[in-house]
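Structure first, then comments.
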Amino acid sequence: PLKRKLLTDTLPESHVSGASDSGVKVIVRMRPPVKEDEEAETIVEKITGDSLSINGQTFTFDSHDIFQLVGAPLVENCLAGFNSSVFAYGQTGSGKTYTIWGPANALFEEKLSSDQQGLTPRVFQRLFDRIIEEQIKHADKQLKYQCRCSFLEIYNEQITDLLDPNQRNLQIREDVKSGVYVENLTEEYVNSMKDVTKLLLKGLSNRRTGATSMNAESSRSHSVFTCVVESRCKSVADGVSSFKTSRINFVDLAGSERQKLTCAAGERLKEAGNINRSLSQLGNLINILAEVSQTGKQRHIPYRDSKLTFLLQESLGGNAKLAMVCAISPAQSTLRFAQRAKAIKNKAVVNEV
Ligand code: ADP
C-alpha cells in the first residue's frame with residue numbers, strides 16, 4: 001500500500017521553530033488514491049517509495065513527519081504557555097478528518113501504528129507524557145496541571161455543543177476576565193487518554209452526520225476540539241506561586257469545494273454563502289497575520305467577521321502558533337491546488353481550488 005505523502009511548505013521560514021516566535025506552518029498531505037480517483041485525470045507522474053513527481057518536480061517526505069512537524073511542537077508550545085491551532089483544510093474526501101482525528105471507526109485502536117493515528121490522539125499521548133516529565137523535573141515546585149476540553153460544531157454560523165447536542169445556537173461572549181468564550185459550552189476535565197477518547201468519540205458521533213459524502217452535512221460544518229491546559233506551581237524556596245494557561249484548538253474545517261450558489265435557494269443559499277465566507281475570511285485573516293508578523297506593521301484584524309475567527313481570536317494572533325494541514329487527493333483538481341500551495345511563500349492564505 002502507498003504511504004501517505006507530505007509535501008511541506010513553511011511560512012515564513014524564519015518563523016517556524018522555537019516557542020517564542022509567531023508564524024504559520026502549511027503542510028500539504030496527500031492521501032493514497034482510492035477507486036473513485038481512477039475516474040479523474042491525474043497529474044501524479046510517478047510514485048516510488050516515499051517520493052512522488054508532479055509536473056517534473058519530485059517531493060520526498062517521510063510519512064511520520066506530520067506529528068513531528070505539527071504535533072510535537074504544538075505540545076511544547078502549549079507547555080510554554082502559547083495558544084496553538086491546527087486546521088485541516090481541503091475538499092471533502094481529501095483526508096481532513098483522517099488527519100485530525102484518525103481513521104473513522106478506529107480512532108483510538110491500540111493496534112494502529114503511530115502513522116495511522118490521527119493528530120489529536122498523538123498530541124494528547126505526548127501531552128500527558130510531557131506533563132509527567134515536567135512534574136518530575138520540577139518536583140520542588142509542586143507543579144500541577146489541569147486540562148479541560150470542549151467540542152463544538154459551527155454549522156451555518158450557528159454553534160452547537162457536540163458534548164451536549166441539545167445545546168444549539170450558543171453565543172460567543174467576550175469579557176475582560178474570561179476573554180472570548182462560548183456561553184454554556186460543556187467543558188470536561190481530562191486526565192488520561194481514556195478520558196480524551198471518550199469525549200472525542202461522543203463529540204464525533206454527535207456531528208451532523210458521520211458520512212463524508214460531498215452532500216453530507218458534516219462536510220459543510222467546522223468542528224473545533226479545544227483543550228485548555230492550566231499549570232500552577234509554587235517554589236518551595238521562596239514560596240512564589242505562578243499560573244500559566246494556554247489552549248490547543250484542533251479544527252476540522254468545512255469542505256473547501258466551491259459551494260454551489262447556482263440553483264440554491266432559501267436555507268441552502270444562505271448556508272453555501274456562509275461556508276464560502278467563513279473559509280475565505282479565515283484565509284484573509286491568516287494572510288493579514290502573516291503580513292503583520294513579517295512587516296511588524298499594525299493592521300486591523302477582522303476577527304469578528306465570522307464565528308470561527310471570533311471564537312479562535314486568542315489563538316490566531318499575537319504569540320499564537322498556527323498550522324494549516326492542506327489535505328489533498330491525487331485527483332487532478334486538487335493537485336493543482338497542491339502546486340499552488342507549494343508556491344505560497346510569504347502569504348499564508350489558502351485560496352479556493
Ligand atoms: P474528509 O474529512 O476530507 O472529507 P476523510 O478524512 O473522511 O476526508 O477521508 C476520505 C477517505 O480517505 C476515508 O475513507 C479515509 O479513511 C481515507 N483516507 C484519508 N486520508 C488517508 C490517509 N492518509 N491514508 C489512508 N486513508 C486515508
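Ligands are numbered from 1 in the order shown, chains are lettered A, B, ... in the order of the C-alpha cells, and residues start at 1 in each chain.
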
Would you name the residues within 6 Å of ligand 1, counting only C-alpha atoms and all ligand atoms, and put them as a PDB file with C-alpha atoms, in the first residue's frame?
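Saved the output as out13.pdb:
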```pdb
ATOM      1  CA  ARG A   4       0.979   8.909   2.951  1.00  0.00           C
ATOM      2  CA  ARG A  31      -3.909  10.676   0.842  1.00  0.00           C
ATOM      3  CA  PRO A  32      -3.400   7.418  -1.094  1.00  0.00           C
ATOM      4  CA  GLN A  91     -12.067  19.272  -0.241  1.00  0.00           C
ATOM      5  CA  THR A  92     -14.469  16.689   1.113  1.00  0.00           C
ATOM      6  CA  GLY A  93     -12.874  13.254   0.827  1.00  0.00           C
ATOM      7  CA  SER A  94      -9.309  14.567   0.823  1.00  0.00           C
ATOM      8  CA  GLY A  95      -8.427  13.274   4.299  1.00  0.00           C
ATOM      9  CA  LYS A  96      -9.089  16.170   6.713  1.00  0.00           C
ATOM     10  CA  THR A  97     -10.966  14.049   9.215  1.00  0.00           C
ATOM     11  CA  TYR A  98      -8.432  11.221   8.953  1.00  0.00           C
ATOM     12  CA  PRO A 103      -9.338   6.634  10.645  1.00  0.00           C
ATOM     13  CA  THR A 212     -18.289  12.227   4.316  1.00  0.00           C
TER      14      THR A 212
END
```

Original post:
Do you have the atom CA of Ser113 of chain A-atom CA of Asp195 of chain A distance handy?
Top reply: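 Atom-to-atom, atom CA of Ser113 of chain A to atom CA of Asp195 of chain A, that is 20.7 Å.
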
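Distances to Phe250 of chain A were evaluated for A:Glu153, A:Asp161, A:Glu76, A:Asp140 using only C-alpha atoms, and the minimum falls at A:Glu153.
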
**OP:** For segment 77-86 of chain A, work out the shell of residues within 7 Å, counting only C-alpha atoms and skipping chain neighbours fewer than 2 positions away, then give it as a count of residues only.
**Re:** 20

Original post:
Contacts of segment 184-187 of chain A at 12 Å or less, counting only C-alpha atoms, minus same-chain residues fewer than 4 places along, as an MDAnalysis selection string?
Top reply: chainID A and resid 147:153 159:173 196 199 203 225:228

Original post:
So how far away is atom CA of Arg29 of chain A from atom CA of Gly283 of chain A, in Å?
Top reply: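 Pair atom CA of Gly283 of chain A / atom CA of Arg29 of chain A returns 18.3 Å.
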
Original post:
What is the distance, in Å and to one decimal place, between atom CA of Ser306 of chain A and atom CA of Val70 of chain A?
Top reply: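 So the two atoms, atom CA of Ser306 of chain A and atom CA of Val70 of chain A, lie 25.3 Å apart.
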
Original post:
Taking only C-alpha atoms into account, which of A:Leu308, A:Gly317, A:Val34, A:Ala139 comes nearest Ala290 of chain A?
Top reply: A:Gly317

Original post:
Of the candidates A:Ser280, A:Ser231, A:Gln146, A:Asn287, which shows the shortest atom-to-atom distance to Ser192 of chain A, using only C-alpha atoms?
Top reply: A:Gln146

**OP:** Give me the residues within 7 Å of segment 122-128 of chain A as a ChimeraX atom specification, counting only C-alpha atoms and dropping any in the same chain fewer than 6 places off.
**Re:** /A:71-72,75,193

**OP:** Go through A:Ser235, A:Gln68, A:Asn206, A:Thr197 one by one, measure the shortest atom-to-atom distance of each to Ser223 of chain A using only C-alpha atoms, and give the residue with the smallest value.
**Re:**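 Of A:Ser235, A:Gln68, A:Asn206, A:Thr197, the one nearest Ser223 of chain A is A:Asn206, counting only C-alpha atoms.
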
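Comparing A:Leu200, A:Ile328, A:Ile301, A:Leu312 by their smallest distance to Pro33 of chain A, the closest is A:Ile328 (using only C-alpha atoms).
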
Subject >> 7 Å contact set for Ala254 of chain A, only C-alpha atoms, chain neighbours under 5 positions out, as number ranges by chain >> reply: A: 219-222
